Amino acid sequence: MTKLCLGTMHFGTAVDERTAFGLLDRFADRGGTHVDTANCYATWAGTGDESEELIGRWHTSRGARDRIVLATKVGARPTGSDEPWPFNAEGLSDKTIRTATEASLRRLRTDRVDVLYGHMQDPETTVEESVAAFAALVGDGLARRIGLSNHTAWRVERARAAARALGRGPLVELVQQRCSYLQPRPGAPFGTQLVLSDEMRDYALANPDLTLLGYSPLLNGAYTRPDRQLMPHYSHIGTENRLAAVREVARALGATANQVVLAWMLGSTPAVIPVIGVSTAEQLDECLGASDLTIPPDLRRAMDETA
């Protein structure tokens, strides 16, 4: 059984339906269960409905709904406002969370999602209002678990405290942030995306009921593909050192650099579940191979100590 999560951002737009169905079939056949999407994938290439609608068609045609952990996100979908994104993002008000979730359920052709994320921080809405809305959806059976993506550690803690005050336990059980082995330079701007911080890792260590996931783990192919340039955010001397460390471990283990990165995330303390984005069966198979890859302690230590 794979430990990875399949990200479907480009399914239905850059990845056509036939290819996407094949990837979802292959993922499921290899023991994959966790499928991740959002209600705004992919507004920059279509309407934003495409990924959810495709997943709905796929699981319906395969009778696979009860065999997958289906996750989606609300809060980042653009509204009809004339302001540019992210200033026109729908946000996380109680009304928006309810309305957006019900729309996602229709597109996904399901009566509930297994994980519902707040996609990004909404400075115009209190954490307490958002938490109450998420708690109501769980109470109504429309969402089983709640997560937050691109939220700071203090907001996650505040959300969990607000849920406890409502008598709902911590409620927020998952956090999804940008994460890879290479580290961006301090202060590198990622807009609304938040890089998984040491503070969040420490918070998860202190709260073992919290699961961490990391998106963009392979940096758009830059670890292995010469035609894919690293973002300038990673332009510093530490990047070359870490790239060399990944390649050395890959040679030692007879694995690919991508597999080493994914295995490094899975073997972290706390573990970080990679959210992989693929467009071919070969890419998917390579990633899935990381589930069975264990980095020995000495090589792990060398990777961790490389600055």
# chains A, B, ... in the order shown; residues from 1 in each chain; ligands from 1
call {"tool": "select_by_dssp", "arguments": {"residues": "region 59-279 of chain A", "states": "strand (DSSP E)", "output": "mmCIF file with C-alpha atoms, in the first residue's frame"}}
result
data_model
loop_
_atom_site.group_PDB
_atom_site.id
_atom_site.type_symbol
_atom_site.label_atom_id
_atom_site.label_comp_id
_atom_site.auth_asym_id
_atom_site.auth_seq_id
_atom_site.Cartn_x
_atom_site.Cartn_y
_atom_site.Cartn_z
ATOM 1 C CA VAL A 69 -9.806 8.984 0.883
ATOM 2 C CA LEU A 70 -11.171 11.991 -0.985
ATOM 3 C CA ALA A 71 -9.835 15.420 -0.013
ATOM 4 C CA THR A 72 -10.784 18.819 -1.373
ATOM 5 C CA LYS A 73 -10.237 22.432 -0.375
ATOM 6 C CA VAL A 74 -12.304 25.608 -0.182
ATOM 7 C CA VAL A 113 -15.591 14.330 1.617
ATOM 8 C CA ASP A 114 -13.126 12.505 3.808
ATOM 9 C CA VAL A 115 -10.934 15.588 4.269
ATOM 10 C CA LEU A 116 -11.988 19.215 3.838
ATOM 11 C CA TYR A 117 -9.272 21.865 3.921
ATOM 12 C CA GLY A 118 -9.343 25.579 4.395
ATOM 13 C CA ALA A 143 -16.973 16.220 5.923
ATOM 14 C CA ARG A 144 -15.260 13.595 8.029
ATOM 15 C CA ARG A 145 -12.005 15.353 8.854
ATOM 16 C CA ILE A 146 -10.822 18.965 8.668
ATOM 17 C CA GLY A 147 -7.453 20.274 7.548
ATOM 18 C CA LEU A 148 -5.777 23.612 6.960
ATOM 19 C CA SER A 149 -3.444 24.404 4.080
ATOM 20 C CA VAL A 172 -8.191 20.218 12.644
ATOM 21 C CA GLU A 173 -6.326 16.960 12.031
ATOM 22 C CA LEU A 174 -4.227 17.707 8.935
ATOM 23 C CA VAL A 175 -1.958 20.512 7.742
ATOM 24 C CA GLN A 176 -0.792 20.790 4.137
ATOM 25 C CA GLN A 177 2.098 23.109 3.235
ATOM 26 C CA ARG A 178 4.723 23.457 0.548
ATOM 27 C CA THR A 211 -0.806 14.826 10.189
ATOM 28 C CA LEU A 212 1.523 16.830 7.932
ATOM 29 C CA LEU A 213 1.358 16.744 4.131
ATOM 30 C CA GLY A 214 3.717 18.455 1.711
ATOM 31 C CA TYR A 215 2.832 19.663 -1.790
ATOM 32 C CA VAL A 272 5.459 14.424 5.970
ATOM 33 C CA ILE A 273 3.176 12.729 3.426
ATOM 34 C CA PRO A 274 4.123 13.867 -0.089
ATOM 35 C CA VAL A 275 1.332 15.108 -2.364
ATOM 36 C CA ILE A 276 2.612 14.068 -5.776
ATOM 37 C CA GLY A 277 1.598 15.591 -9.081
#
call {"tool": "residues_around", "arguments": {"residues": "region 104-108 of chain A", "least_positions_apart": "4", "cutoff": "8 Å", "atoms": "only C-alpha atoms", "output": "VMD selection string"}}
result
chain A and resid 39 49 52 to 57 72 100 112 to 113
call {"tool": "write_last_selection", "arguments": {"atoms": "C-alpha atoms", "output": "mmCIF file, in the first residue's frame"}}
result
data_model
loop_
_atom_site.group_PDB
_atom_site.id
_atom_site.type_symbol
_atom_site.label_atom_id
_atom_site.label_comp_id
_atom_site.auth_asym_id
_atom_site.auth_seq_id
_atom_site.Cartn_x
_atom_site.Cartn_y
_atom_site.Cartn_z
ATOM 1 C CA ASN A 39 -12.528 23.687 -5.730
ATOM 2 C CA ASP A 49 -14.545 22.866 -11.804
ATOM 3 C CA GLU A 52 -13.433 17.853 -8.981
ATOM 4 C CA GLU A 53 -15.783 16.950 -11.828
ATOM 5 C CA LEU A 54 -13.279 14.522 -13.324
ATOM 6 C CA ILE A 55 -12.736 12.770 -9.999
ATOM 7 C CA GLY A 56 -16.493 12.518 -9.598
ATOM 8 C CA ARG A 57 -16.824 10.854 -12.991
ATOM 9 C CA THR A 72 -10.784 18.819 -1.373
ATOM 10 C CA ALA A 100 -18.488 26.100 -1.444
ATOM 11 C CA ARG A 112 -19.301 13.690 1.882
ATOM 12 C CA VAL A 113 -15.591 14.330 1.617
#
call {"tool": "select_by_dssp", "arguments": {"residues": "region 57-295 of chain A", "states": "helix (DSSP H, G or I)", "output": "JSON, numbers by chain"}}
result
{"A": [57, 58, 59, 60, 61, 62, 65, 66, 67, 94, 95, 96, 97, 98, 99, 100, 101, 102, 103, 104, 105, 106, 107, 108, 127, 128, 129, 130, 131, 132, 133, 134, 135, 136, 137, 138, 139, 153, 154, 155, 156, 157, 158, 159, 160, 161, 162, 163, 164, 165, 198, 199, 200, 201, 202, 203, 204, 205, 206, 219, 220, 221, 232, 233, 234, 237, 238, 239, 240, 241, 242, 243, 244, 245, 246, 247, 248, 249, 250, 251, 252, 253, 257, 258, 259, 260, 261, 262, 263, 264, 265, 266, 281, 282, 283, 284, 285, 286, 287, 288, 289, 290, 291, 292]}
call {"tool": "residues_around", "arguments": {"residues": "Val195 (chain A)", "least_positions_apart": "3", "cutoff": "10 Å", "atoms": "only C-alpha atoms", "output": "VMD selection string"}}
result
chain A and resid 150 to 152 176 to 180 183 to 184 188 to 190 192 198 200 214 to 215
